[in-house]
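So this block is final_32.txt, compact mmCIF, C-alpha atoms:
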```
# COMPACT_ATOMS: atom_id res chain seq x y z
CA MET M 11 7.64 -15.69 -22.97
CA SER M 12 9.04 -15.52 -19.48
CA PRO M 13 7.81 -17.90 -16.81
CA MET M 14 8.24 -15.19 -14.22
CA PHE M 15 4.64 -14.92 -13.13
CA ASP M 16 3.88 -18.61 -12.93
CA ARG M 17 3.22 -19.26 -9.33
CA PRO M 18 2.99 -22.64 -7.72
CA ARG M 19 0.81 -21.50 -4.84
CA PRO M 20 -2.03 -19.03 -4.63
CA ASP M 21 -1.22 -15.71 -3.04
CA SER M 22 -2.44 -14.99 0.41
CA LEU M 23 -5.46 -12.75 0.43
CA ALA M 24 -3.52 -10.25 2.51
CA ASP M 25 -0.81 -9.95 -0.14
CA LEU M 26 -3.34 -9.78 -2.92
CA LEU M 27 -5.38 -7.05 -1.29
CA GLU M 28 -2.27 -5.12 -0.39
CA ARG M 29 -1.25 -5.01 -4.02
CA VAL M 30 -4.51 -4.65 -5.84
CA LEU M 31 -6.31 -2.36 -3.40
CA ASP M 32 -3.40 -0.33 -2.17
CA LYS M 33 -0.96 -0.14 -5.02
CA GLY M 34 -1.23 0.14 -8.74
CA VAL M 35 -1.72 3.06 -11.03
CA VAL M 36 -4.29 5.63 -10.04
CA LEU M 37 -5.09 8.28 -12.60
CA ALA M 38 -7.01 11.47 -12.29
CA GLY M 39 -9.34 12.42 -15.06
CA ASP M 40 -12.70 11.68 -16.53
CA ILE M 41 -13.19 8.58 -14.47
CA ARG M 42 -16.60 7.22 -13.67
CA VAL M 43 -15.63 5.30 -10.57
CA ASN M 44 -12.39 5.29 -8.68
CA LEU M 45 -11.50 3.98 -5.29
CA LEU M 46 -11.06 7.06 -3.23
CA ASP M 47 -8.64 6.93 -0.37
CA ILE M 48 -11.28 7.63 2.17
CA GLU M 49 -13.36 4.72 1.00
CA LEU M 50 -10.33 2.52 0.83
CA LEU M 51 -9.72 3.12 4.47
CA THR M 52 -13.11 1.91 5.51
CA ILE M 53 -12.78 -1.10 3.25
CA LYS M 54 -9.38 -1.96 4.60
CA ILE M 55 -10.58 -1.76 8.13
CA ARG M 56 -13.36 -4.13 7.41
CA LEU M 57 -10.98 -6.46 5.68
CA LEU M 58 -8.67 -6.48 8.62
CA LEU M 59 -11.48 -7.78 10.68
CA VAL M 60 -12.40 -10.32 8.03
CA SER M 61 -15.96 -10.57 9.23
CA VAL M 62 -17.70 -7.29 9.73
CA ASP M 63 -20.70 -8.79 11.42
CA LYS M 64 -18.55 -10.66 13.84
CA ALA M 65 -16.59 -7.52 14.61
CA ALA M 66 -19.75 -5.58 15.26
CA GLU M 67 -20.99 -8.37 17.46
CA MET M 68 -17.82 -8.19 19.45
CA GLY M 69 -18.12 -4.43 19.68
CA ILE M 70 -14.80 -3.86 17.97
CA ASP M 71 -14.54 -0.27 16.88
CA TRP M 72 -11.01 0.67 17.75
CA TRP M 73 -10.33 1.90 14.23
CA ARG M 74 -12.71 4.76 14.69
CA ARG M 75 -10.30 6.19 17.21
CA ASP M 76 -7.15 5.36 15.30
CA PRO M 77 -5.96 8.43 13.40
CA MET M 78 -4.23 6.16 10.90
CA LEU M 79 -7.50 4.57 9.98
CA SER M 80 -10.16 7.17 10.56
CA SER M 81 -10.08 10.67 9.19
CA GLU M 82 -12.43 11.74 11.95
CA ALA M 83 -10.03 10.54 14.58
CA ALA M 84 -7.19 12.19 12.68
CA ASP M 85 -9.06 15.49 12.72
CA ASN M 86 -9.76 15.13 16.38
CA GLN M 87 -6.16 14.37 17.08
CA GLN M 88 -5.04 17.34 15.04
CA ALA M 89 -7.40 19.56 16.98
CA LEU M 90 -6.06 18.17 20.24
CA GLN M 91 -2.49 18.67 19.15
CA GLN M 92 -3.19 22.23 18.20
CA GLU M 93 -4.91 22.89 21.45
CA ASN M 94 -1.95 21.40 23.28
CA ALA M 95 0.46 23.55 21.35
CA GLU M 96 -1.55 26.66 22.10
CA LEU M 97 -1.75 25.84 25.77
CA ARG M 98 1.97 25.17 25.89
CA ALA M 99 2.66 28.47 24.17
CA ARG M 100 0.48 30.29 26.66
CA LEU M 101 2.15 28.54 29.55
CA ASP M 102 5.61 29.40 28.25
CA ALA M 103 4.58 33.00 27.78
CA LEU M 104 3.11 33.18 31.25
CA GLU M 105 6.19 31.62 32.81
CA SER M 106 8.63 33.83 30.96
CA SER M 107 6.71 36.97 31.85
CA GLY M 108 6.91 36.11 35.52
CA ASN M 109 3.67 36.36 37.38
CA SER M 110 2.29 39.23 35.45
CA GLN M 111 -1.39 39.27 34.77
CA GLN M 112 -0.90 39.34 31.05
CA VAL M 113 -3.17 37.01 29.18
CA ILE M 114 -2.10 35.69 25.84
CA GLU M 115 -4.79 35.54 23.24
CA PRO M 116 -5.43 32.22 21.49
CA ALA M 117 -3.18 31.87 18.48
CA ASP M 118 -5.55 32.51 15.65
CA ASP M 119 -9.30 32.34 15.36
CA GLN M 120 -9.08 31.75 11.68
CA GLN M 121 -7.34 28.45 12.19
CA ASP M 122 -10.16 27.21 14.36
CA ASP M 123 -12.68 28.10 11.70
CA GLN M 124 -10.67 26.31 9.10
CA GLN M 125 -10.46 23.23 11.20
CA ASP M 126 -14.18 23.20 11.84
CA SER M 127 -14.92 23.35 8.16
CA GLU M 128 -12.38 20.62 7.50
CA ALA M 129 -14.02 18.39 10.02
CA ALA M 130 -17.43 19.07 8.53
CA GLU M 131 -16.11 18.30 5.09
CA SER M 132 -14.63 15.05 6.20
CA LYS M 133 -17.90 14.05 7.80
CA ALA M 134 -19.73 14.89 4.60
CA ARG M 135 -17.31 12.76 2.64
CA GLN M 136 -17.86 9.85 4.90
CA ARG M 137 -21.54 9.83 4.28
CA MET S 10 -31.39 -2.46 -19.65
CA THR S 11 -28.46 -2.11 -17.32
CA GLU S 12 -25.87 0.52 -18.03
CA ALA S 13 -22.42 -0.73 -18.97
CA ALA S 14 -18.98 0.77 -18.44
CA SER S 15 -15.34 -0.05 -19.18
CA TYR S 16 -13.23 -1.52 -16.41
CA VAL S 17 -9.50 -0.97 -16.88
CA TYR S 18 -7.02 -3.60 -15.64
CA LEU S 19 -3.70 -2.30 -16.80
CA ALA S 20 -1.74 -0.33 -19.35
CA ALA S 21 1.02 -1.72 -21.54
CA ARG S 22 2.83 -0.50 -24.60
CA GLU S 23 2.13 -2.64 -27.62
CA LEU S 24 -0.05 -5.67 -27.28
CA SER S 25 -1.41 -7.89 -30.01
CA ASP S 26 -5.05 -8.87 -30.13
CA ASP S 27 -3.98 -12.47 -29.54
CA ALA S 28 -3.07 -11.54 -26.00
CA VAL S 29 -6.71 -11.30 -25.02
CA THR S 30 -8.47 -13.46 -27.60
CA GLY S 31 -10.74 -15.90 -25.83
CA VAL S 32 -9.81 -14.57 -22.38
CA THR S 33 -12.49 -13.42 -19.98
CA GLY S 34 -12.27 -10.99 -17.12
CA LEU S 35 -14.78 -9.81 -14.56
CA SER S 36 -18.30 -11.23 -14.84
CA ASP S 37 -16.85 -13.66 -17.43
CA ARG S 38 -16.94 -10.93 -20.05
CA PRO S 39 -14.27 -11.00 -22.79
CA LEU S 40 -11.21 -8.80 -22.47
CA ARG S 41 -10.48 -6.29 -25.19
CA LEU S 42 -7.80 -3.76 -26.01
CA VAL S 43 -8.04 0.00 -26.24
CA ARG S 44 -5.13 1.56 -28.10
CA ASN S 45 -4.06 5.18 -28.14
CA ALA S 46 -0.93 7.30 -27.94
CA GLY S 47 1.38 4.29 -28.29
CA LEU S 48 -0.21 2.65 -25.27
CA THR S 49 -2.67 -0.18 -24.84
CA ALA S 50 -5.20 -0.60 -22.07
CA VAL S 51 -6.77 -3.95 -21.26
CA VAL S 52 -10.44 -3.51 -20.44
CA SER S 53 -13.67 -5.42 -20.16
CA THR S 54 -17.30 -4.41 -19.83
CA VAL S 55 -18.93 -4.32 -16.42
CA ASP S 56 -22.49 -3.50 -15.44
CA LEU S 57 -22.90 -0.39 -13.38
CA GLU S 58 -25.54 -2.29 -11.48
CA GLU S 59 -22.64 -4.18 -9.94
CA PHE S 60 -19.73 -1.76 -10.43
CA GLY S 61 -21.40 1.63 -10.22
CA GLU S 62 -20.38 3.90 -7.38
CA ASP S 63 -23.14 2.94 -4.98
CA ALA S 64 -23.07 -0.73 -5.86
CA LEU S 65 -19.32 -0.77 -5.51
CA ARG S 66 -19.40 0.81 -2.12
CA ARG S 67 -21.78 -1.90 -1.01
CA ASN S 68 -19.99 -4.77 -2.73
CA LEU S 69 -16.53 -3.80 -1.54
CA GLU S 70 -17.60 -4.59 1.96
CA ASP S 71 -18.52 -8.10 0.96
CA LEU S 72 -15.26 -9.95 1.38
CA GLY S 73 -16.38 -12.84 -0.82
CA TRP S 74 -17.28 -10.52 -3.69
CA LEU S 75 -14.11 -8.51 -3.22
CA GLU S 76 -11.87 -11.56 -3.18
CA GLY S 77 -13.37 -12.78 -6.46
CA VAL S 78 -12.87 -9.42 -8.13
CA VAL S 79 -9.37 -8.95 -6.75
CA ARG S 80 -8.31 -12.40 -7.92
CA THR S 81 -9.75 -11.87 -11.40
CA HIS S 82 -8.09 -8.47 -11.65
CA ASP S 83 -4.77 -9.98 -10.59
CA GLU S 84 -5.12 -12.95 -12.96
CA VAL S 85 -5.59 -10.61 -15.91
CA VAL S 86 -2.58 -8.55 -14.86
CA ASN S 87 -0.49 -11.69 -14.41
CA ARG S 88 -1.51 -13.12 -17.76
CA ILE S 89 -0.58 -9.98 -19.67
CA GLY S 90 2.47 -9.48 -17.46
CA ARG S 91 3.86 -12.73 -18.82
CA LEU S 92 3.87 -11.18 -22.28
CA THR S 93 5.12 -7.68 -21.74
CA ALA S 94 5.82 -4.92 -19.23
CA VAL S 95 2.59 -3.87 -17.54
CA ALA S 96 1.49 -1.01 -15.34
CA PRO S 97 -1.27 -2.60 -13.23
CA TRP S 98 -4.08 -0.25 -12.34
CA ARG S 99 -5.62 -0.16 -8.96
CA LEU S 100 -8.78 -2.15 -8.47
CA ALA S 101 -11.97 -0.62 -9.81
CA THR S 102 -10.95 2.08 -12.23
CA ILE S 103 -14.09 2.35 -14.30
CA MET S 104 -14.70 4.61 -17.29
CA ASN S 105 -17.93 5.38 -19.06
CA ASP S 106 -16.73 3.90 -22.34
CA ASP S 107 -13.65 2.98 -24.36
CA ASP S 108 -13.35 6.48 -25.81
CA ARG S 109 -12.74 7.83 -22.34
CA VAL S 110 -10.14 5.13 -21.73
CA ALA S 111 -8.38 6.15 -24.94
CA LYS S 112 -8.45 9.78 -23.87
CA LEU S 113 -6.99 8.92 -20.50
CA LEU S 114 -4.11 7.01 -22.12
CA ASP S 115 -3.33 10.11 -24.13
CA THR S 116 -3.55 12.44 -21.15
CA TRP S 117 -1.16 10.30 -19.11
CA ARG S 118 1.00 9.13 -21.99
CA VAL S 119 4.30 10.48 -20.66
CA GLU S 120 3.83 9.24 -17.10
CA LEU S 121 2.57 5.83 -18.13
CA THR S 122 5.38 5.37 -20.61
CA GLU S 123 7.97 6.30 -17.99
CA SER S 124 6.40 3.95 -15.53
CA LEU S 125 6.46 1.09 -18.03
CA GLU S 126 10.09 1.78 -18.82
CA ARG S 127 10.93 1.65 -15.15
CA VAL S 128 9.46 -1.82 -14.65
CA GLU S 129 10.49 -3.28 -18.00
CA GLY S 130 12.01 -6.72 -17.53
CA CYS S 131 11.45 -6.60 -13.79
CA SER S 132 9.11 -8.27 -11.32
CA GLU S 133 8.05 -7.47 -7.83
CA TRP S 134 9.05 -9.69 -4.91
CA SER S 135 7.95 -9.55 -1.34
CA VAL S 136 10.22 -10.25 1.60
CA LYS S 137 8.69 -10.34 5.05
CA MET S 138 10.53 -10.85 8.26
CA TYR S 139 8.83 -12.33 11.28
CA ALA S 140 10.53 -12.08 14.64
CA ASP S 141 9.74 -14.29 17.56
CA LEU S 142 9.50 -11.89 20.47
CA SER S 143 7.79 -14.23 22.87
CA GLU S 144 9.15 -13.99 26.37
CA ARG S 145 11.36 -16.88 27.20
CA PRO S 146 12.81 -16.83 30.67
CA ALA S 147 16.47 -17.64 30.73
CA ALA S 148 17.41 -21.00 32.15
CA GLY S 149 17.23 -21.12 35.92
CA SER S 150 15.54 -17.73 36.22
CA GLY S 151 11.98 -19.01 36.15
CA ALA S 152 9.57 -18.52 38.99
CA THR S 153 10.20 -20.68 42.02
CA GLU S 154 7.67 -21.70 44.57
CA HIS S 155 9.12 -19.56 47.32
CA GLU S 156 9.94 -16.52 45.27
CA THR S 157 10.05 -13.34 47.30
CA GLY S 158 8.39 -10.15 46.12
CA THR S 159 11.75 -8.59 45.40
CA ALA S 160 12.89 -11.62 43.44
CA TYR S 161 9.65 -11.54 41.46
CA LEU S 162 10.07 -7.89 40.56
CA GLN S 163 13.69 -8.47 39.68
CA ARG S 164 12.75 -11.34 37.43
CA ARG S 165 9.96 -9.39 35.73
CA ARG S 166 12.33 -6.49 35.15
CA THR S 167 14.88 -8.77 33.53
CA GLU S 168 12.24 -10.35 31.33
CA THR S 169 10.86 -7.02 30.22
CA ALA S 170 14.33 -5.77 29.41
CA ARG S 171 15.05 -8.91 27.43
CA HIS S 172 11.84 -8.48 25.49
CA ALA S 173 12.72 -4.88 24.67
CA ASP S 174 16.20 -5.97 23.61
CA ALA S 175 14.76 -8.65 21.36
CA ALA S 176 12.37 -6.18 19.74
CA GLN S 177 15.19 -3.69 19.29
CA SER S 178 17.56 -6.17 17.72
CA ALA S 179 14.81 -7.53 15.46
CA THR S 180 14.18 -3.99 14.21
CA VAL S 181 17.86 -3.44 13.58
CA ALA S 182 18.13 -6.75 11.74
CA ALA S 183 15.08 -5.90 9.61
CA ASP S 184 16.56 -2.50 8.72
CA GLN S 185 19.81 -4.17 7.75
CA ILE S 186 18.12 -6.77 5.57
CA HIS S 187 16.01 -4.14 3.84
CA LEU S 188 19.12 -2.06 3.21
CA THR S 189 21.03 -5.03 1.81
CA LEU S 190 18.18 -6.00 -0.50
CA SER S 191 17.55 -2.40 -1.54
CA GLN S 192 21.13 -1.98 -2.67
CA LEU S 193 20.87 -4.97 -4.96
CA THR S 194 17.47 -4.30 -6.50
CA ALA S 195 16.18 -1.82 -9.03
CA ALA S 196 13.82 -0.24 -6.51
CA SER S 197 12.39 -1.04 -3.12
CA ARG S 198 9.60 -0.04 -0.83
CA ARG S 199 8.87 -0.73 2.76
CA LEU S 200 5.17 -1.37 3.30
CA PRO S 201 3.37 -1.27 6.63
CA PRO S 202 3.26 -4.61 8.43
CA GLN S 203 0.17 -6.63 7.61
CA ASP S 204 -2.53 -7.33 10.08
CA ARG S 205 -2.35 -10.63 11.83
CA ARG S 206 -6.10 -11.05 11.70
CA LEU S 207 -5.94 -11.18 7.93
CA THR S 208 -2.73 -13.15 7.53
CA GLY S 209 -2.89 -15.34 10.61
CA HIS S 210 0.89 -15.09 10.93
CA THR S 211 2.75 -15.88 14.10
CA GLY S 212 5.56 -13.70 15.39
CA GLU S 213 5.94 -10.00 14.79
CA MET S 214 6.11 -8.79 11.18
CA VAL S 215 9.09 -6.46 11.45
CA LEU S 216 9.66 -6.14 7.72
CA ASN S 217 7.22 -6.03 4.83
CA GLY S 218 9.42 -5.12 1.92
CA ALA S 219 8.61 -4.92 -1.78
CA TYR S 220 11.50 -5.21 -4.22
CA LEU S 221 11.68 -4.61 -7.93
CA VAL S 222 14.05 -7.21 -9.29
CA ALA S 223 15.28 -7.67 -12.85
CA ASP S 224 14.03 -11.02 -14.07
CA ALA S 225 17.54 -11.90 -15.15
CA GLU S 226 18.67 -11.52 -11.54
CA SER S 227 15.81 -13.27 -9.81
CA GLN S 228 17.92 -16.33 -9.06
CA GLN S 229 20.55 -14.22 -7.33
CA PHE S 230 17.89 -12.40 -5.41
CA THR S 231 16.17 -15.49 -4.11
CA SER S 232 19.51 -17.04 -3.11
CA LEU S 233 20.44 -13.90 -1.27
CA VAL S 234 17.16 -13.88 0.63
CA GLU S 235 17.67 -17.52 1.51
CA GLU S 236 21.16 -16.78 2.74
CA LEU S 237 20.05 -13.79 4.81
CA GLY S 238 17.22 -15.85 6.26
CA GLY S 239 19.61 -18.64 7.20
CA ASP S 240 21.72 -16.25 9.25
CA LEU S 241 18.82 -15.25 11.46
CA SER S 242 18.05 -16.61 14.87
CA ASP S 243 14.64 -16.05 16.46
CA ALA S 244 13.35 -14.70 13.16
CA ARG S 245 12.54 -15.92 9.69
CA LEU S 246 12.22 -14.48 6.22
CA ASP S 247 9.30 -15.21 3.96
CA LEU S 248 9.84 -14.72 0.25
CA ASN S 249 6.94 -14.33 -2.16
CA GLY S 250 6.71 -13.53 -5.82
CA PRO S 251 7.37 -12.84 -8.51
CA TRP S 252 4.42 -10.53 -9.02
CA PRO S 253 3.59 -7.85 -11.53
CA PRO S 254 5.10 -4.58 -10.34
CA TYR S 255 2.08 -3.17 -8.51
CA SER S 256 4.18 -1.22 -6.04
CA PHE S 257 6.53 0.22 -8.65
CA ALA S 258 4.50 0.98 -11.76
CA THR S 259 3.06 3.93 -9.90
CA LEU S 260 3.10 7.36 -11.43
CA GLU S 261 4.08 9.62 -8.60
CA SER S 262 7.46 8.91 -7.08
CA GLY S 263 9.37 6.51 -9.24
CA GLY S 264 8.84 3.80 -6.70
CA GLY S 265 11.93 4.59 -4.69
CA GLY S 266 11.99 4.99 -0.96
```
Have the structure of the file written as structure tokens, please.
Amino acid sequence: MSPMFDRPRPDSLADLLERVLDKGVVLAGDIRVNLLDIELLTIKIRLLLVSVDKAAEMGIDWWRRDPMLSSEAADNQQALQQENAELRARLDALESSGNSQQVIEPADDQQDDQQDSEAAESKARQR
Amino acid sequence: MTEAASYVYLAARELSDDAVTGVTGLSDRPLRLVRNAGLTAVVSTVDLEEFGEDALRRNLEDLGWLEGVVRTHDEVVNRIGRLTAVAPWRLATIMNDDDRVAKLLDTWRVELTESLERVEGCSEWSVKMYADLSERPAAGSGATEHETGTAYLQRRRTETARHADAAQSATVAADQIHLTLSQLTAASRRLPPQDRRLTGHTGEMVLNGAYLVADAESQQFTSLVEELGGDLSDARLDLNGPWPPYSFATLESGGGG
């Protein structure tokens, strides 16, 4: 028997949660309950704040806007980035074609549709 | 009558019944073994009233409840980890019954076996580096009573530059330490820095590294970390472990990176 896991001091909660919530084997299959990533995110956020009630009291909701922590914010950011890219492409095209009146069509309608449905899906998952 | 389910803590290869005799897990229920395909899962019964999907979603937001469950989960993994190589499962993997657990072991036999081989005889260690990036004005450059606007701006500019330099050199030092430790360990992972609000740490966590170290080499590893920590100025290393290989017994990537 190895004494390797005998520990003189209790682990910090942060370390413990990092390991047990974030790491470890996750299998797909006929599983009744599993911690889904999306749920994990909301849990982690709450943990970060230690006391949810206190956080709410203080009006802390920065995570909702953080794309790393909120899929909604991530979707929004993706949409923004795409819009930016499209605008930049149109600007480039306009500049390179001189002052012609040519109007470049938006990149692809299909992509917009896809994004909308993704956003809707993510909202549904959050419920 | 409340519905029951099987909560899975970990997978190992062979495990004797003695390993769990008289040991309780969550809700103080006895641990038991489920064997199949040359693998053994350690499970215990939980009530779906507490661990069902809806209940879990609610309970996971209760930090007190969560801490209790996380600690129990980890204690079970640690206990078995002292006996043999273990692949710890993530918190709250719950199956309808032991038959399903057995089926899952069979389905994932190859991956689980590989993962157990990878962590055999090894433990996980954590090395964190905290850098002190607080602004300290150099001697004689502090604010004076009759400082002019230009002097003030000049001083602020110098301080800001110094702060940026300190952050930059802390990052470089952290990269170097991670590289050094990675080269001497079986596998390594760099995890995101932890949140200060949860840890209460001071300084900036510039490294949160997980290292898979052969138990036979743990002495060397800890000495090395001590040595590296001793060489640092304005920063310190924090060594924790050994732990069961949570970050390395994963199935997807082989734990490298």
Distance limit 8 Å, atoms considered: all atoms listed in the file. Which chain S residues sit that close to chain M? Return them as a PDB file with C-alpha atoms, in the coordinates of the input.
```pdb
ATOM      1  CA  GLY S  61     -21.400   1.630 -10.220  1.00  0.00           C
ATOM      2  CA  GLU S  62     -20.380   3.900  -7.380  1.00  0.00           C
ATOM      3  CA  ARG S  66     -19.400   0.810  -2.120  1.00  0.00           C
ATOM      4  CA  LEU S  69     -16.530  -3.800  -1.540  1.00  0.00           C
ATOM      5  CA  GLU S  70     -17.600  -4.590   1.960  1.00  0.00           C
ATOM      6  CA  LEU S  72     -15.260  -9.950   1.380  1.00  0.00           C
ATOM      7  CA  GLU S  76     -11.870 -11.560  -3.180  1.00  0.00           C
ATOM      8  CA  VAL S  79      -9.370  -8.950  -6.750  1.00  0.00           C
ATOM      9  CA  ARG S  80      -8.310 -12.400  -7.920  1.00  0.00           C
ATOM     10  CA  HIS S  82      -8.090  -8.470 -11.650  1.00  0.00           C
ATOM     11  CA  ASP S  83      -4.770  -9.980 -10.590  1.00  0.00           C
ATOM     12  CA  ASN S  87      -0.490 -11.690 -14.410  1.00  0.00           C
ATOM     13  CA  ARG S  88      -1.510 -13.120 -17.760  1.00  0.00           C
ATOM     14  CA  GLY S  90       2.470  -9.480 -17.460  1.00  0.00           C
ATOM     15  CA  ARG S  91       3.860 -12.730 -18.820  1.00  0.00           C
ATOM     16  CA  LEU S  92       3.870 -11.180 -22.280  1.00  0.00           C
ATOM     17  CA  ALA S  96       1.490  -1.010 -15.340  1.00  0.00           C
ATOM     18  CA  PRO S  97      -1.270  -2.600 -13.230  1.00  0.00           C
ATOM     19  CA  TRP S  98      -4.080  -0.250 -12.340  1.00  0.00           C
ATOM     20  CA  ARG S  99      -5.620  -0.160  -8.960  1.00  0.00           C
ATOM     21  CA  LEU S 100      -8.780  -2.150  -8.470  1.00  0.00           C
ATOM     22  CA  ALA S 101     -11.970  -0.620  -9.810  1.00  0.00           C
ATOM     23  CA  THR S 102     -10.950   2.080 -12.230  1.00  0.00           C
ATOM     24  CA  ILE S 103     -14.090   2.350 -14.300  1.00  0.00           C
ATOM     25  CA  MET S 104     -14.700   4.610 -17.290  1.00  0.00           C
ATOM     26  CA  ASN S 105     -17.930   5.380 -19.060  1.00  0.00           C
ATOM     27  CA  ARG S 109     -12.740   7.830 -22.340  1.00  0.00           C
ATOM     28  CA  LEU S 113      -6.990   8.920 -20.500  1.00  0.00           C
ATOM     29  CA  TRP S 117      -1.160  10.300 -19.110  1.00  0.00           C
ATOM     30  CA  SER S 132       9.110  -8.270 -11.320  1.00  0.00           C
ATOM     31  CA  GLN S 203       0.170  -6.630   7.610  1.00  0.00           C
ATOM     32  CA  ASP S 204      -2.530  -7.330  10.080  1.00  0.00           C
ATOM     33  CA  ARG S 206      -6.100 -11.050  11.700  1.00  0.00           C
ATOM     34  CA  LEU S 207      -5.940 -11.180   7.930  1.00  0.00           C
ATOM     35  CA  THR S 208      -2.730 -13.150   7.530  1.00  0.00           C
ATOM     36  CA  ASP S 224      14.030 -11.020 -14.070  1.00  0.00           C
ATOM     37  CA  GLY S 250       6.710 -13.530  -5.820  1.00  0.00           C
ATOM     38  CA  PRO S 251       7.370 -12.840  -8.510  1.00  0.00           C
ATOM     39  CA  TRP S 252       4.420 -10.530  -9.020  1.00  0.00           C
ATOM     40  CA  PRO S 253       3.590  -7.850 -11.530  1.00  0.00           C
ATOM     41  CA  TYR S 255       2.080  -3.170  -8.510  1.00  0.00           C
ATOM     42  CA  SER S 256       4.180  -1.220  -6.040  1.00  0.00           C
ATOM     43  CA  PHE S 257       6.530   0.220  -8.650  1.00  0.00           C
ATOM     44  CA  ALA S 258       4.500   0.980 -11.760  1.00  0.00           C
ATOM     45  CA  THR S 259       3.060   3.930  -9.900  1.00  0.00           C
ATOM     46  CA  LEU S 260       3.100   7.360 -11.430  1.00  0.00           C
TER      47      LEU S 260
END
```
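Summary of the local environment: counting all atoms listed in the file, residues at most 12 Å from Leu42 of chain S, other than itself and those fewer than 4 positions away along its chain, are Ser15, Tyr16, Val17, Tyr18, Leu19, Ala20, Ala21, Arg22, Glu23, Leu24, Ser25, Asp26, Asp27, Ala28, Val29, Thr30, Val32, Leu48, Thr49, Ala50, Val51, Val52, Ser53, Thr54, Ile89, Asp107, Asp108, Val110 and Ala111 of chain S.
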Point to revise | Interatomic distance (Å, one decimal) between atom CA of Gly47 of chain S and atom CA of Trp134 of chain S | key: 28.3 Å
**Study point:** Distance of atom CA of Leu216 of chain S from atom CA of Leu200 of chain S, expressed in Å to one decimal place
**Key:**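 These atoms are spaced 7.9 Å apart.
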Practice item. Quick one: residues within 12 Å of (22.6, -7.1, 5.1) (file frame), counting all atoms listed in the file, please, as a PyMOL selection string. Key: chain S and resi 181-193+233-234+236-238+240-241
Mind giving me the axis-aligned box for segment 108-111 of chain S with 8 Å on every side, centre plus edges in Å to one decimal, as lines of an AutoDock Vina configuration file?
```
center_x = -10.9
center_y = 6.5
center_z = -23.8
size_x = 21.0
size_y = 18.7
size_z = 20.1
```
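Among the candidates S:Lys137, S:Arg245, S:Arg164, S:Arg127, the one nearest to Pro202 of chain S when counting all atoms listed in the file is S:Lys137.
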Review point. So what do you get for atom CA of Ala179 of chain S versus atom CA of Ala244 of chain S, distance-wise?
Key: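 So the two atoms, atom CA of Ala179 of chain S and atom CA of Ala244 of chain S, lie 7.7 Å apart.
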